file coords_32.cif (mmCIF, N, CA and C atoms; chains and numbers go by the auth columns)
data_structure
#
loop_
_atom_site.group_PDB
_atom_site.id
_atom_site.type_symbol
_atom_site.label_atom_id
_atom_site.label_comp_id
_atom_site.label_asym_id
_atom_site.label_seq_id
_atom_site.Cartn_x
_atom_site.Cartn_y
_atom_site.Cartn_z
_atom_site.B_iso_or_equiv
_atom_site.auth_seq_id
_atom_site.auth_asym_id
ATOM 1 N N MET A 1 4.948 16.036 -17.830 0.00 1 A
ATOM 2 C CA MET A 1 5.396 15.043 -18.783 0.00 1 A
ATOM 3 C C MET A 1 4.932 15.459 -20.177 0.00 1 A
ATOM 4 N N LYS A 2 5.874 15.469 -21.107 0.00 2 A
ATOM 5 C CA LYS A 2 5.519 15.768 -22.482 0.00 2 A
ATOM 6 C C LYS A 2 4.847 14.551 -23.101 0.00 2 A
ATOM 7 N N ARG A 3 4.034 14.795 -24.093 0.00 3 A
ATOM 8 C CA ARG A 3 3.304 13.729 -24.766 0.00 3 A
ATOM 9 C C ARG A 3 4.228 12.646 -25.328 0.00 3 A
ATOM 10 N N ASN A 4 5.413 13.018 -25.779 0.00 4 A
ATOM 11 C CA ASN A 4 6.316 12.067 -26.410 0.00 4 A
ATOM 12 C C ASN A 4 7.135 11.265 -25.408 0.00 4 A
ATOM 13 N N ASP A 5 7.081 11.628 -24.142 0.00 5 A
ATOM 14 C CA ASP A 5 7.834 10.892 -23.132 0.00 5 A
ATOM 15 C C ASP A 5 7.210 9.520 -22.908 0.00 5 A
ATOM 16 N N LYS A 6 8.073 8.543 -22.695 0.00 6 A
ATOM 17 C CA LYS A 6 7.597 7.205 -22.373 0.00 6 A
ATOM 18 C C LYS A 6 7.058 7.223 -20.950 0.00 6 A
ATOM 19 N N PRO A 7 5.865 6.648 -20.729 0.00 7 A
ATOM 20 C CA PRO A 7 5.331 6.622 -19.360 0.00 7 A
ATOM 21 C C PRO A 7 6.268 5.849 -18.438 0.00 7 A
ATOM 22 N N LYS A 8 6.392 6.341 -17.207 0.00 8 A
ATOM 23 C CA LYS A 8 7.280 5.631 -16.288 0.00 8 A
ATOM 24 C C LYS A 8 6.583 4.376 -15.769 0.00 8 A
ATOM 25 N N GLU A 9 7.382 3.359 -15.574 0.00 9 A
ATOM 26 C CA GLU A 9 6.878 2.076 -15.086 0.00 9 A
ATOM 27 C C GLU A 9 6.367 2.224 -13.648 0.00 9 A
ATOM 28 N N TRP A 10 5.383 1.418 -13.294 0.00 10 A
ATOM 29 C CA TRP A 10 4.880 1.391 -11.932 0.00 10 A
ATOM 30 C C TRP A 10 5.786 0.496 -11.094 0.00 10 A
ATOM 31 N N THR A 11 6.190 0.998 -9.941 0.00 11 A
ATOM 32 C CA THR A 11 6.995 0.193 -9.026 0.00 11 A
ATOM 33 C C THR A 11 6.076 -0.664 -8.159 0.00 11 A
ATOM 34 N N ASP A 12 6.642 -1.684 -7.548 0.00 12 A
ATOM 35 C CA ASP A 12 5.859 -2.516 -6.623 0.00 12 A
ATOM 36 C C ASP A 12 5.330 -1.677 -5.465 0.00 12 A
ATOM 37 N N ALA A 13 6.136 -0.734 -5.006 0.00 13 A
ATOM 38 C CA ALA A 13 5.721 0.121 -3.889 0.00 13 A
ATOM 39 C C ALA A 13 4.525 0.989 -4.286 0.00 13 A
ATOM 40 N N GLU A 14 4.523 1.489 -5.514 0.00 14 A
ATOM 41 C CA GLU A 14 3.396 2.310 -5.975 0.00 14 A
ATOM 42 C C GLU A 14 2.125 1.478 -6.076 0.00 14 A
ATOM 43 N N VAL A 15 2.262 0.273 -6.578 0.00 15 A
ATOM 44 C CA VAL A 15 1.097 -0.608 -6.683 0.00 15 A
ATOM 45 C C VAL A 15 0.562 -0.935 -5.292 0.00 15 A
ATOM 46 N N GLN A 16 1.450 -1.221 -4.361 0.00 16 A
ATOM 47 C CA GLN A 16 1.027 -1.529 -2.992 0.00 16 A
ATOM 48 C C GLN A 16 0.311 -0.340 -2.360 0.00 16 A
ATOM 49 N N LEU A 17 0.824 0.867 -2.619 0.00 17 A
ATOM 50 C CA LEU A 17 0.174 2.066 -2.083 0.00 17 A
ATOM 51 C C LEU A 17 -1.194 2.265 -2.720 0.00 17 A
ATOM 52 N N LEU A 18 -1.294 2.040 -4.023 0.00 18 A
ATOM 53 C CA LEU A 18 -2.595 2.140 -4.693 0.00 18 A
ATOM 54 C C LEU A 18 -3.592 1.173 -4.052 0.00 18 A
ATOM 55 N N LEU A 19 -3.169 -0.058 -3.842 0.00 19 A
ATOM 56 C CA LEU A 19 -4.049 -1.052 -3.235 0.00 19 A
ATOM 57 C C LEU A 19 -4.453 -0.659 -1.814 0.00 19 A
ATOM 58 N N ALA A 20 -3.498 -0.175 -1.035 0.00 20 A
ATOM 59 C CA ALA A 20 -3.778 0.218 0.345 0.00 20 A
ATOM 60 C C ALA A 20 -4.735 1.404 0.393 0.00 20 A
ATOM 61 N N LEU A 21 -4.481 2.407 -0.434 0.00 21 A
ATOM 62 C CA LEU A 21 -5.344 3.588 -0.440 0.00 21 A
ATOM 63 C C LEU A 21 -6.749 3.244 -0.920 0.00 21 A
ATOM 64 N N SER A 22 -6.844 2.343 -1.884 0.00 22 A
ATOM 65 C CA SER A 22 -8.176 1.959 -2.372 0.00 22 A
ATOM 66 C C SER A 22 -8.947 1.213 -1.288 0.00 22 A
ATOM 67 N N ARG A 23 -8.248 0.381 -0.507 0.00 23 A
ATOM 68 C CA ARG A 23 -8.908 -0.328 0.608 0.00 23 A
ATOM 69 C C ARG A 23 -9.411 0.655 1.663 0.00 23 A
ATOM 70 N N GLU A 24 -8.692 1.781 1.810 0.00 24 A
ATOM 71 C CA GLU A 24 -9.096 2.797 2.783 0.00 24 A
ATOM 72 C C GLU A 24 -10.212 3.684 2.250 0.00 24 A
ATOM 73 N N GLY A 25 -10.596 3.492 0.988 0.00 25 A
ATOM 74 C CA GLY A 25 -11.706 4.245 0.424 0.00 25 A
ATOM 75 C C GLY A 25 -11.305 5.493 -0.345 0.00 25 A
ATOM 76 N N ALA A 26 -10.012 5.654 -0.609 0.00 26 A
ATOM 77 C CA ALA A 26 -9.561 6.823 -1.368 0.00 26 A
ATOM 78 C C ALA A 26 -10.033 6.705 -2.813 0.00 26 A
ATOM 79 N N GLY A 27 -10.322 7.835 -3.410 0.00 27 A
ATOM 80 C CA GLY A 27 -10.749 7.869 -4.803 0.00 27 A
ATOM 81 C C GLY A 27 -9.557 7.987 -5.740 0.00 27 A
ATOM 82 N N ALA A 28 -9.846 7.895 -7.025 0.00 28 A
ATOM 83 C CA ALA A 28 -8.799 7.934 -8.044 0.00 28 A
ATOM 84 C C ALA A 28 -8.007 9.239 -7.995 0.00 28 A
ATOM 85 N N VAL A 29 -8.674 10.347 -7.760 0.00 29 A
ATOM 86 C CA VAL A 29 -7.994 11.644 -7.728 0.00 29 A
ATOM 87 C C VAL A 29 -7.042 11.715 -6.540 0.00 29 A
ATOM 88 N N GLN A 30 -7.490 11.251 -5.389 0.00 30 A
ATOM 89 C CA GLN A 30 -6.644 11.253 -4.195 0.00 30 A
ATOM 90 C C GLN A 30 -5.426 10.352 -4.380 0.00 30 A
ATOM 91 N N ILE A 31 -5.645 9.183 -4.945 0.00 31 A
ATOM 92 C CA ILE A 31 -4.547 8.235 -5.151 0.00 31 A
ATOM 93 C C ILE A 31 -3.557 8.802 -6.161 0.00 31 A
ATOM 94 N N ALA A 32 -4.066 9.375 -7.240 0.00 32 A
ATOM 95 C CA ALA A 32 -3.195 9.971 -8.250 0.00 32 A
ATOM 96 C C ALA A 32 -2.340 11.080 -7.645 0.00 32 A
ATOM 97 N N SER A 33 -2.936 11.866 -6.797 0.00 33 A
ATOM 98 C CA SER A 33 -2.201 12.948 -6.140 0.00 33 A
ATOM 99 C C SER A 33 -1.106 12.388 -5.231 0.00 33 A
ATOM 100 N N ALA A 34 -1.434 11.366 -4.469 0.00 34 A
ATOM 101 C CA ALA A 34 -0.460 10.762 -3.552 0.00 34 A
ATOM 102 C C ALA A 34 0.705 10.123 -4.310 0.00 34 A
ATOM 103 N N LEU A 35 0.421 9.575 -5.478 0.00 35 A
ATOM 104 C CA LEU A 35 1.449 8.888 -6.262 0.00 35 A
ATOM 105 C C LEU A 35 2.115 9.784 -7.297 0.00 35 A
ATOM 106 N N GLU A 36 1.607 11.014 -7.422 0.00 36 A
ATOM 107 C CA GLU A 36 2.079 11.935 -8.454 0.00 36 A
ATOM 108 C C GLU A 36 1.986 11.282 -9.833 0.00 36 A
ATOM 109 N N ARG A 37 0.796 10.722 -10.097 0.00 37 A
ATOM 110 C CA ARG A 37 0.478 10.051 -11.356 0.00 37 A
ATOM 111 C C ARG A 37 -0.775 10.678 -11.944 0.00 37 A
ATOM 112 N N TYR A 38 -0.980 10.445 -13.244 0.00 38 A
ATOM 113 C CA TYR A 38 -2.217 10.882 -13.872 0.00 38 A
ATOM 114 C C TYR A 38 -3.371 10.017 -13.378 0.00 38 A
ATOM 115 N N VAL A 39 -4.560 10.634 -13.269 0.00 39 A
ATOM 116 C CA VAL A 39 -5.748 9.904 -12.826 0.00 39 A
ATOM 117 C C VAL A 39 -6.027 8.734 -13.764 0.00 39 A
ATOM 118 N N SER A 40 -5.903 8.950 -15.061 0.00 40 A
ATOM 119 C CA SER A 40 -6.171 7.884 -16.030 0.00 40 A
ATOM 120 C C SER A 40 -5.226 6.698 -15.834 0.00 40 A
ATOM 121 N N SER A 41 -3.989 6.976 -15.476 0.00 41 A
ATOM 122 C CA SER A 41 -3.015 5.910 -15.230 0.00 41 A
ATOM 123 C C SER A 41 -3.413 5.112 -13.985 0.00 41 A
ATOM 124 N N VAL A 42 -3.821 5.819 -12.943 0.00 42 A
ATOM 125 C CA VAL A 42 -4.256 5.155 -11.706 0.00 42 A
ATOM 126 C C VAL A 42 -5.470 4.278 -11.986 0.00 42 A
ATOM 127 N N LYS A 43 -6.423 4.797 -12.743 0.00 43 A
ATOM 128 C CA LYS A 43 -7.624 4.023 -13.062 0.00 43 A
ATOM 129 C C LYS A 43 -7.281 2.781 -13.876 0.00 43 A
ATOM 130 N N ARG A 44 -6.348 2.914 -14.821 0.00 44 A
ATOM 131 C CA ARG A 44 -5.962 1.781 -15.663 0.00 44 A
ATOM 132 C C ARG A 44 -5.315 0.679 -14.819 0.00 44 A
ATOM 133 N N VAL A 45 -4.385 1.049 -13.948 0.00 45 A
ATOM 134 C CA VAL A 45 -3.710 0.056 -13.119 0.00 45 A
ATOM 135 C C VAL A 45 -4.710 -0.578 -12.145 0.00 45 A
ATOM 136 N N ALA A 46 -5.577 0.229 -11.566 0.00 46 A
ATOM 137 C CA ALA A 46 -6.594 -0.306 -10.649 0.00 46 A
ATOM 138 C C ALA A 46 -7.483 -1.318 -11.372 0.00 46 A
ATOM 139 N N GLU A 47 -7.864 -0.991 -12.597 0.00 47 A
ATOM 140 C CA GLU A 47 -8.708 -1.887 -13.376 0.00 47 A
ATOM 141 C C GLU A 47 -7.986 -3.213 -13.642 0.00 47 A
ATOM 142 N N ASN A 48 -6.675 -3.142 -13.881 0.00 48 A
ATOM 143 C CA ASN A 48 -5.886 -4.362 -14.098 0.00 48 A
ATOM 144 C C ASN A 48 -5.912 -5.280 -12.882 0.00 48 A
ATOM 145 N N PHE A 49 -6.131 -4.698 -11.695 0.00 49 A
ATOM 146 C CA PHE A 49 -6.196 -5.471 -10.456 0.00 49 A
ATOM 147 C C PHE A 49 -7.642 -5.772 -10.053 0.00 49 A
ATOM 148 N N GLY A 50 -8.587 -5.430 -10.928 0.00 50 A
ATOM 149 C CA GLY A 50 -9.994 -5.716 -10.662 0.00 50 A
ATOM 150 C C GLY A 50 -10.623 -4.776 -9.649 0.00 50 A
ATOM 151 N N LEU A 51 -10.036 -3.583 -9.474 0.00 51 A
ATOM 152 C CA LEU A 51 -10.575 -2.607 -8.526 0.00 51 A
ATOM 153 C C LEU A 51 -11.441 -1.588 -9.241 0.00 51 A
ATOM 154 N N GLU A 52 -12.468 -1.143 -8.550 0.00 52 A
ATOM 155 C CA GLU A 52 -13.278 -0.023 -9.032 0.00 52 A
ATOM 156 C C GLU A 52 -13.059 1.129 -8.086 0.00 52 A
ATOM 157 N N LEU A 53 -12.517 2.212 -8.598 0.00 53 A
ATOM 158 C CA LEU A 53 -12.255 3.384 -7.764 0.00 53 A
ATOM 159 C C LEU A 53 -13.343 4.421 -7.984 0.00 53 A
ATOM 160 N N ARG A 54 -13.648 5.141 -6.918 0.00 54 A
ATOM 161 C CA ARG A 54 -14.560 6.261 -7.091 0.00 54 A
ATOM 162 C C ARG A 54 -13.758 7.426 -7.666 0.00 54 A
ATOM 163 N N ALA A 55 -14.462 8.393 -8.173 0.00 55 A
ATOM 164 C CA ALA A 55 -13.807 9.531 -8.851 0.00 55 A
ATOM 165 C C ALA A 55 -12.903 10.334 -7.971 0.00 55 A
#
call {"tool": "encode", "arguments": {"input": "coords_32.cif", "output": "structure tokens"}}
result
Amino acid sequence: MKRNDKPKEWTDAEVQLLLALSREGAGAVQIASALERYVSSVKRVAENFGLELRA
């Protein structure tokens, strides 16, 4: 993704997967890899849901 590209919106399915993976103990890097998202984006969305992810 180029810097000037608008970030893609998170789908409900992606959010559900983030929540499921976090419950299973996956870290931010693992979740980002599974979702093909940046780690910082995963951490931001997780924080919006009150989750603390390990690195």
call {"tool": "resolve_selection", "arguments": {"input": "coords_32.cif", "expression": "the PyMOL selection byres (((chain A and resi 46 and name CA) around 12) and name CA)", "output": "ChimeraX atom specification"}}
result
/A:10,14-23,27-28,31-32,39-45,47-54
call {"tool": "atom_distance", "arguments": {"input": "coords_32.cif", "atom1": "atom N of Gly25 (chain A)", "atom2": "CA of Pro7 (chain A)"}}
result
26.0 Å
call {"tool": "atom_distance", "arguments": {"input": "coords_32.cif", "atom1": "CA of Val29 (chain A)", "atom2": "atom N of Thr11 (chain A)"}}
result
17.9 Å
call {"tool": "atom_distance", "arguments": {"input": "coords_32.cif", "atom1": "atom C of Ser33 (chain A)", "atom2": "atom C of Ala55 (chain A)"}}
result
12.3 Å
call {"tool": "decode", "arguments": {"input": "coords_32.cif", "residues": "region 8-54 of chain A", "atoms": "N, CA and C atoms", "output": "PDB file, in the first residue's frame"}}
result
ATOM      1  N   LYS A   8      -8.023   0.696   3.787  1.00  0.00           N
ATOM      2  CA  LYS A   8      -9.275  -0.008   3.513  1.00  0.00           C
ATOM      3  C   LYS A   8     -10.053  -0.193   4.812  1.00  0.00           C
ATOM      4  N   GLU A   9     -11.353  -0.120   4.675  1.00  0.00           N
ATOM      5  CA  GLU A   9     -12.249  -0.267   5.821  1.00  0.00           C
ATOM      6  C   GLU A   9     -12.173  -1.697   6.369  1.00  0.00           C
ATOM      7  N   TRP A  10     -12.397  -1.838   7.662  1.00  0.00           N
ATOM      8  CA  TRP A  10     -12.452  -3.149   8.282  1.00  0.00           C
ATOM      9  C   TRP A  10     -13.848  -3.729   8.076  1.00  0.00           C
ATOM     10  N   THR A  11     -13.899  -4.970   7.628  1.00  0.00           N
ATOM     11  CA  THR A  11     -15.183  -5.647   7.473  1.00  0.00           C
ATOM     12  C   THR A  11     -15.594  -6.270   8.804  1.00  0.00           C
ATOM     13  N   ASP A  12     -16.864  -6.599   8.921  1.00  0.00           N
ATOM     14  CA  ASP A  12     -17.340  -7.285  10.132  1.00  0.00           C
ATOM     15  C   ASP A  12     -16.625  -8.620  10.307  1.00  0.00           C
ATOM     16  N   ALA A  13     -16.373  -9.301   9.201  1.00  0.00           N
ATOM     17  CA  ALA A  13     -15.696 -10.601   9.265  1.00  0.00           C
ATOM     18  C   ALA A  13     -14.267 -10.442   9.790  1.00  0.00           C
ATOM     19  N   GLU A  14     -13.587  -9.382   9.376  1.00  0.00           N
ATOM     20  CA  GLU A  14     -12.218  -9.149   9.856  1.00  0.00           C
ATOM     21  C   GLU A  14     -12.213  -8.844  11.349  1.00  0.00           C
ATOM     22  N   VAL A  15     -13.166  -8.052  11.780  1.00  0.00           N
ATOM     23  CA  VAL A  15     -13.255  -7.729  13.205  1.00  0.00           C
ATOM     24  C   VAL A  15     -13.547  -8.993  14.009  1.00  0.00           C
ATOM     25  N   GLN A  16     -14.453  -9.818  13.520  1.00  0.00           N
ATOM     26  CA  GLN A  16     -14.783 -11.064  14.216  1.00  0.00           C
ATOM     27  C   GLN A  16     -13.567 -11.981  14.303  1.00  0.00           C
ATOM     28  N   LEU A  17     -12.787 -12.036  13.218  1.00  0.00           N
ATOM     29  CA  LEU A  17     -11.577 -12.862  13.232  1.00  0.00           C
ATOM     30  C   LEU A  17     -10.555 -12.302  14.211  1.00  0.00           C
ATOM     31  N   LEU A  18     -10.403 -10.985  14.240  1.00  0.00           N
ATOM     32  CA  LEU A  18      -9.490 -10.367  15.208  1.00  0.00           C
ATOM     33  C   LEU A  18      -9.902 -10.745  16.633  1.00  0.00           C
ATOM     34  N   LEU A  19     -11.182 -10.633  16.926  1.00  0.00           N
ATOM     35  CA  LEU A  19     -11.670 -10.969  18.261  1.00  0.00           C
ATOM     36  C   LEU A  19     -11.446 -12.445  18.591  1.00  0.00           C
ATOM     37  N   ALA A  20     -11.719 -13.318  17.634  1.00  0.00           N
ATOM     38  CA  ALA A  20     -11.551 -14.754  17.853  1.00  0.00           C
ATOM     39  C   ALA A  20     -10.082 -15.106  18.070  1.00  0.00           C
ATOM     40  N   LEU A  21      -9.211 -14.560  17.235  1.00  0.00           N
ATOM     41  CA  LEU A  21      -7.784 -14.858  17.367  1.00  0.00           C
ATOM     42  C   LEU A  21      -7.225 -14.311  18.675  1.00  0.00           C
ATOM     43  N   SER A  22      -7.705 -13.150  19.088  1.00  0.00           N
ATOM     44  CA  SER A  22      -7.214 -12.586  20.353  1.00  0.00           C
ATOM     45  C   SER A  22      -7.659 -13.447  21.530  1.00  0.00           C
ATOM     46  N   ARG A  23      -8.881 -13.987  21.461  1.00  0.00           N
ATOM     47  CA  ARG A  23      -9.361 -14.888  22.530  1.00  0.00           C
ATOM     48  C   ARG A  23      -8.520 -16.160  22.595  1.00  0.00           C
ATOM     49  N   GLU A  24      -8.003 -16.587  21.430  1.00  0.00           N
ATOM     50  CA  GLU A  24      -7.169 -17.787  21.384  1.00  0.00           C
ATOM     51  C   GLU A  24      -5.736 -17.502  21.812  1.00  0.00           C
ATOM     52  N   GLY A  25      -5.416 -16.234  22.072  1.00  0.00           N
ATOM     53  CA  GLY A  25      -4.091 -15.884  22.559  1.00  0.00           C
ATOM     54  C   GLY A  25      -3.107 -15.457  21.482  1.00  0.00           C
ATOM     55  N   ALA A  26      -3.596 -15.238  20.265  1.00  0.00           N
ATOM     56  CA  ALA A  26      -2.706 -14.800  19.188  1.00  0.00           C
ATOM     57  C   ALA A  26      -2.240 -13.375  19.460  1.00  0.00           C
ATOM     58  N   GLY A  27      -1.028 -13.086  19.053  1.00  0.00           N
ATOM     59  CA  GLY A  27      -0.472 -11.749  19.216  1.00  0.00           C
ATOM     60  C   GLY A  27      -0.796 -10.869  18.020  1.00  0.00           C
ATOM     61  N   ALA A  28      -0.439  -9.604  18.144  1.00  0.00           N
ATOM     62  CA  ALA A  28      -0.734  -8.625  17.100  1.00  0.00           C
ATOM     63  C   ALA A  28      -0.088  -9.001  15.768  1.00  0.00           C
ATOM     64  N   VAL A  29       1.123  -9.514  15.803  1.00  0.00           N
ATOM     65  CA  VAL A  29       1.825  -9.873  14.568  1.00  0.00           C
ATOM     66  C   VAL A  29       1.123 -11.036  13.878  1.00  0.00           C
ATOM     67  N   GLN A  30       0.726 -12.032  14.646  1.00  0.00           N
ATOM     68  CA  GLN A  30       0.021 -13.185  14.082  1.00  0.00           C
ATOM     69  C   GLN A  30      -1.319 -12.772  13.479  1.00  0.00           C
ATOM     70  N   ILE A  31      -2.042 -11.928  14.186  1.00  0.00           N
ATOM     71  CA  ILE A  31      -3.353 -11.483  13.708  1.00  0.00           C
ATOM     72  C   ILE A  31      -3.186 -10.648  12.445  1.00  0.00           C
ATOM     73  N   ALA A  32      -2.211  -9.752  12.445  1.00  0.00           N
ATOM     74  CA  ALA A  32      -1.959  -8.924  11.268  1.00  0.00           C
ATOM     75  C   ALA A  32      -1.628  -9.789  10.055  1.00  0.00           C
ATOM     76  N   SER A  33      -0.854 -10.811  10.274  1.00  0.00           N
ATOM     77  CA  SER A  33      -0.494 -11.719   9.185  1.00  0.00           C
ATOM     78  C   SER A  33      -1.728 -12.452   8.656  1.00  0.00           C
ATOM     79  N   ALA A  34      -2.563 -12.930   9.555  1.00  0.00           N
ATOM     80  CA  ALA A  34      -3.772 -13.659   9.154  1.00  0.00           C
ATOM     81  C   ALA A  34      -4.744 -12.759   8.388  1.00  0.00           C
ATOM     82  N   LEU A  35      -4.790 -11.491   8.756  1.00  0.00           N
ATOM     83  CA  LEU A  35      -5.724 -10.555   8.129  1.00  0.00           C
ATOM     84  C   LEU A  35      -5.110  -9.779   6.970  1.00  0.00           C
ATOM     85  N   GLU A  36      -3.806  -9.974   6.760  1.00  0.00           N
ATOM     86  CA  GLU A  36      -3.070  -9.209   5.755  1.00  0.00           C
ATOM     87  C   GLU A  36      -3.257  -7.709   5.986  1.00  0.00           C
ATOM     88  N   ARG A  37      -3.034  -7.315   7.249  1.00  0.00           N
ATOM     89  CA  ARG A  37      -3.144  -5.928   7.696  1.00  0.00           C
ATOM     90  C   ARG A  37      -1.842  -5.524   8.366  1.00  0.00           C
ATOM     91  N   TYR A  38      -1.641  -4.208   8.489  1.00  0.00           N
ATOM     92  CA  TYR A  38      -0.494  -3.716   9.237  1.00  0.00           C
ATOM     93  C   TYR A  38      -0.708  -3.978  10.724  1.00  0.00           C
ATOM     94  N   VAL A  39       0.401  -4.244  11.436  1.00  0.00           N
ATOM     95  CA  VAL A  39       0.328  -4.491  12.876  1.00  0.00           C
ATOM     96  C   VAL A  39      -0.283  -3.287  13.586  1.00  0.00           C
ATOM     97  N   SER A  40       0.113  -2.088  13.200  1.00  0.00           N
ATOM     98  CA  SER A  40      -0.411  -0.880  13.844  1.00  0.00           C
ATOM     99  C   SER A  40      -1.926  -0.764  13.670  1.00  0.00           C
ATOM    100  N   SER A  41      -2.425  -1.177  12.522  1.00  0.00           N
ATOM    101  CA  SER A  41      -3.867  -1.139  12.269  1.00  0.00           C
ATOM    102  C   SER A  41      -4.586  -2.142  13.176  1.00  0.00           C
ATOM    103  N   VAL A  42      -4.018  -3.330  13.300  1.00  0.00           N
ATOM    104  CA  VAL A  42      -4.607  -4.359  14.170  1.00  0.00           C
ATOM    105  C   VAL A  42      -4.628  -3.869  15.612  1.00  0.00           C
ATOM    106  N   LYS A  43      -3.535  -3.274  16.060  1.00  0.00           N
ATOM    107  CA  LYS A  43      -3.471  -2.772  17.434  1.00  0.00           C
ATOM    108  C   LYS A  43      -4.495  -1.667  17.668  1.00  0.00           C
ATOM    109  N   ARG A  44      -4.669  -0.784  16.682  1.00  0.00           N
ATOM    110  CA  ARG A  44      -5.620   0.320  16.820  1.00  0.00           C
ATOM    111  C   ARG A  44      -7.050  -0.213  16.941  1.00  0.00           C
ATOM    112  N   VAL A  45      -7.425  -1.146  16.075  1.00  0.00           N
ATOM    113  CA  VAL A  45      -8.777  -1.693  16.115  1.00  0.00           C
ATOM    114  C   VAL A  45      -8.986  -2.477  17.415  1.00  0.00           C
ATOM    115  N   ALA A  46      -7.994  -3.245  17.819  1.00  0.00           N
ATOM    116  CA  ALA A  46      -8.100  -3.999  19.076  1.00  0.00           C
ATOM    117  C   ALA A  46      -8.306  -3.045  20.253  1.00  0.00           C
ATOM    118  N   GLU A  47      -7.569  -1.945  20.250  1.00  0.00           N
ATOM    119  CA  GLU A  47      -7.693  -0.967  21.322  1.00  0.00           C
ATOM    120  C   GLU A  47      -9.105  -0.370  21.348  1.00  0.00           C
ATOM    121  N   ASN A  48      -9.682  -0.151  20.166  1.00  0.00           N
ATOM    122  CA  ASN A  48     -11.053   0.372  20.086  1.00  0.00           C
ATOM    123  C   ASN A  48     -12.060  -0.570  20.735  1.00  0.00           C
ATOM    124  N   PHE A  49     -11.726  -1.867  20.780  1.00  0.00           N
ATOM    125  CA  PHE A  49     -12.598  -2.869  21.391  1.00  0.00           C
ATOM    126  C   PHE A  49     -12.173  -3.187  22.827  1.00  0.00           C
ATOM    127  N   GLY A  50     -11.205  -2.432  23.342  1.00  0.00           N
ATOM    128  CA  GLY A  50     -10.759  -2.621  24.720  1.00  0.00           C
ATOM    129  C   GLY A  50      -9.876  -3.842  24.910  1.00  0.00           C
ATOM    130  N   LEU A  51      -9.243  -4.313  23.826  1.00  0.00           N
ATOM    131  CA  LEU A  51      -8.364  -5.480  23.912  1.00  0.00           C
ATOM    132  C   LEU A  51      -6.915  -5.051  24.037  1.00  0.00           C
ATOM    133  N   GLU A  52      -6.160  -5.837  24.775  1.00  0.00           N
ATOM    134  CA  GLU A  52      -4.709  -5.659  24.831  1.00  0.00           C
ATOM    135  C   GLU A  52      -4.083  -6.866  24.182  1.00  0.00           C
ATOM    136  N   LEU A  53      -3.365  -6.645  23.103  1.00  0.00           N
ATOM    137  CA  LEU A  53      -2.721  -7.749  22.393  1.00  0.00           C
ATOM    138  C   LEU A  53      -1.249  -7.804  22.762  1.00  0.00           C
ATOM    139  N   ARG A  54      -0.729  -9.020  22.795  1.00  0.00           N
ATOM    140  CA  ARG A  54       0.709  -9.141  22.978  1.00  0.00           C
ATOM    141  C   ARG A  54       1.371  -8.879  21.628  1.00  0.00           C
TER     142      ARG A  54
END
